[in-house]
file work35.cif (mmCIF, C-alpha atoms)
data_run
#
loop_
_atom_site.label_atom_id
_atom_site.label_comp_id
_atom_site.auth_asym_id
_atom_site.auth_seq_id
_atom_site.Cartn_x
_atom_site.Cartn_y
_atom_site.Cartn_z
CA MET A 43 26.77 21.06 -21.52
CA LYS A 44 24.29 23.43 -19.85
CA LEU A 45 21.43 21.91 -21.85
CA ASN A 46 22.36 18.39 -20.70
CA LEU A 47 22.51 19.56 -17.09
CA ARG A 48 19.08 21.20 -17.41
CA ILE A 49 17.61 18.06 -18.96
CA LEU A 50 19.10 15.93 -16.20
CA LEU A 51 17.79 18.27 -13.50
CA ALA A 52 14.31 18.27 -15.10
CA ALA A 53 14.33 14.46 -15.25
CA VAL A 54 15.31 14.19 -11.58
CA LEU A 55 12.58 16.64 -10.56
CA ILE A 56 9.95 14.77 -12.58
CA PHE A 57 11.08 11.46 -11.07
CA CYS A 58 10.80 12.87 -7.53
CA TRP A 59 7.35 14.29 -8.23
CA VAL A 60 6.07 11.03 -9.75
CA THR A 61 7.49 9.03 -6.84
CA ALA A 62 5.73 11.30 -4.34
CA VAL A 63 2.41 11.03 -6.17
CA VAL A 64 2.58 7.25 -6.48
CA SER A 65 3.60 6.72 -2.86
CA ALA A 66 0.76 8.98 -1.69
CA GLU A 67 -1.94 6.69 -3.09
CA VAL A 68 -4.13 5.08 -0.44
CA VAL A 69 -4.52 1.30 -0.62
CA ASP A 70 -8.06 -0.05 -0.19
CA VAL A 71 -7.57 -3.46 1.42
CA ASN A 72 -10.99 -4.55 0.12
CA SER A 73 -10.14 -4.08 -3.54
CA ALA A 74 -6.33 -4.19 -3.73
CA GLY A 75 -4.52 -7.06 -5.32
CA PRO A 76 -1.39 -8.63 -3.86
CA LEU A 77 1.03 -6.23 -5.55
CA GLU A 78 -0.79 -3.18 -4.21
CA LEU A 79 -0.94 -4.68 -0.72
CA GLU A 80 2.81 -5.32 -0.76
CA ARG A 81 3.38 -1.55 -0.76
CA LEU A 82 2.18 -1.50 2.84
CA TYR A 83 4.52 -1.85 5.81
CA ARG A 84 5.23 -5.49 6.78
CA VAL A 85 3.19 -6.98 3.92
CA THR A 86 5.23 -9.67 2.21
CA PRO A 87 4.01 -11.48 -0.93
CA ARG A 88 2.79 -14.35 1.27
CA ILE A 89 0.85 -12.04 3.61
CA ALA A 90 -0.61 -10.16 0.64
CA ARG A 91 -1.92 -13.44 -0.81
CA GLN A 92 -3.28 -14.34 2.62
CA ILE A 93 -5.13 -11.00 2.90
CA VAL A 94 -6.74 -11.53 -0.52
CA ALA A 95 -7.64 -15.18 0.20
CA GLU A 96 -9.22 -14.28 3.56
CA ARG A 97 -11.20 -11.47 1.94
CA GLU A 98 -12.45 -13.80 -0.82
CA LYS A 99 -13.37 -16.54 1.66
CA ASN A 100 -15.03 -14.49 4.43
CA GLY A 101 -15.99 -11.20 2.82
CA HIS A 102 -14.75 -7.63 2.90
CA TYR A 103 -12.91 -6.26 5.89
CA LEU A 104 -15.07 -3.94 7.99
CA SER A 105 -12.03 -1.93 9.07
CA LEU A 106 -8.26 -2.19 9.27
CA GLU A 107 -8.71 -3.48 12.81
CA ASP A 108 -10.96 -6.23 11.40
CA LEU A 109 -8.16 -7.16 8.99
CA ALA A 110 -5.70 -7.30 11.91
CA GLY A 111 -8.07 -9.63 13.76
CA ARG A 112 -8.32 -11.97 10.77
CA ILE A 113 -4.68 -11.97 9.62
CA ARG A 114 -2.39 -13.24 12.36
CA GLU A 115 0.74 -11.53 11.04
CA ILE A 116 -0.86 -8.06 11.08
CA GLY A 117 -1.29 -6.47 14.49
CA PRO A 118 -2.35 -3.13 15.96
CA GLN A 119 1.13 -1.61 15.63
CA THR A 120 1.24 -2.46 11.94
CA ILE A 121 -2.22 -0.94 11.45
CA ASP A 122 -0.96 2.22 13.19
CA ARG A 123 1.90 2.41 10.67
CA TRP A 124 -0.64 2.21 7.83
CA GLU A 125 -2.44 5.38 8.97
CA GLY A 126 -3.08 7.53 5.92
CA LEU A 127 -1.78 4.79 3.61
CA ALA A 128 -4.54 2.17 3.82
CA ILE A 129 -8.30 2.08 4.23
CA ALA A 130 -11.08 -0.53 4.26
CA LEU A 131 -13.84 0.80 2.01
CA PRO A 132 -17.16 -1.10 1.99
#
call {"tool": "encode", "arguments": {"input": "work35.cif", "output": "C-alpha cells"}}
result
Amino acid sequence: MKLNLRILLAAVLIFCWVTAVVSAEVVDVNSAGPLELERLYRVTPRIARQIVAEREKNGHYLSLEDLAGRIREIGPQTIDRWEGLAIALP
C-alpha cells in the first residue's frame, strides 16, 4: 500500500513538472505551426491558420505588434497577455 502511494505521488509530481516545463516554452510566431499557436491566449484553430497564411503570404512578422496589425482578431490587449509566452524572431 505504501509503495503504491509513493508511486502515485511520484507520478503526480512528474506530471506537474512536465506540465510546467511544456507550458513555459515560448512560441515564435514566425516559425510556429497552427497547433503551437493555439496554445496562446485567444488563438482558435481558425485564427492560428490565419496567422500562418498571413505569414506565408506577406512575410515574417517584425514584432508581435506587427502581427496584431495584420490579424484583425488579435489586438494590443491580447499581445499584452502573450508577454513572456510569444516572440517574433527574425
call {"tool": "residues_around", "arguments": {"input": "work35.cif", "residues": "Pro87 (chain A)", "least_positions_apart": "6", "cutoff": "9 Å", "atoms": "only C-alpha atoms", "output": "ChimeraX atom specification"}}
result
/A:76-77,79-80
call {"tool": "resolve_selection", "arguments": {"input": "work35.cif", "expression": "the PyMOL selection byres ((chain A and resi 83) around 8)", "output": "ChimeraX atom specification"}}
result
/A:80-82,84-85,120,123-124
call {"tool": "closest_residue", "arguments": {"input": "work35.cif", "among": "A:Ala95, A:Ala74, A:Val69, A:Ala128", "to": "Arg112 (chain A)", "atoms": "all atoms listed in the file"}}
result
A:Ala95
call {"tool": "closest_residue", "arguments": {"input": "work35.cif", "among": "A:Ala90, A:Asn46, A:Pro132, A:Glu125", "to": "Ile113 (chain A)", "atoms": "only C-alpha atoms"}}
result
A:Ala90
call {"tool": "atom_distance", "arguments": {"input": "work35.cif", "atom1": "CA of Ile49 (chain A)", "atom2": "CA of Glu67 (chain A)"}}
result
27.6 Å
call {"tool": "closest_residue", "arguments": {"input": "work35.cif", "among": "A:Ile89, A:Ile129, A:Val71, A:Ile116", "to": "His102 (chain A)", "atoms": "only C-alpha atoms"}}
result
A:Val71
call {"tool": "closest_residue", "arguments": {"input": "work35.cif", "among": "A:Ala110, A:Ser105, A:Glu115, A:Arg97", "to": "Ala130 (chain A)", "atoms": "all atoms listed in the file"}}
result
A:Ser105
call {"tool": "closest_residue", "arguments": {"input": "work35.cif", "among": "A:Gly75, A:Leu104, A:Leu127, A:Leu109", "to": "Arg91 (chain A)", "atoms": "only C-alpha atoms"}}
result
A:Gly75
call {"tool": "atom_distance", "arguments": {"input": "work35.cif", "atom1": "CA of Arg114 (chain A)", "atom2": "CA of Asn72 (chain A)"}}
result
17.3 Å
call {"tool": "closest_residue", "arguments": {"input": "work35.cif", "among": "A:Ile121, A:Leu131, A:Val94, A:Leu106", "to": "Glu78 (chain A)", "atoms": "all atoms listed in the file"}}
result
A:Val94
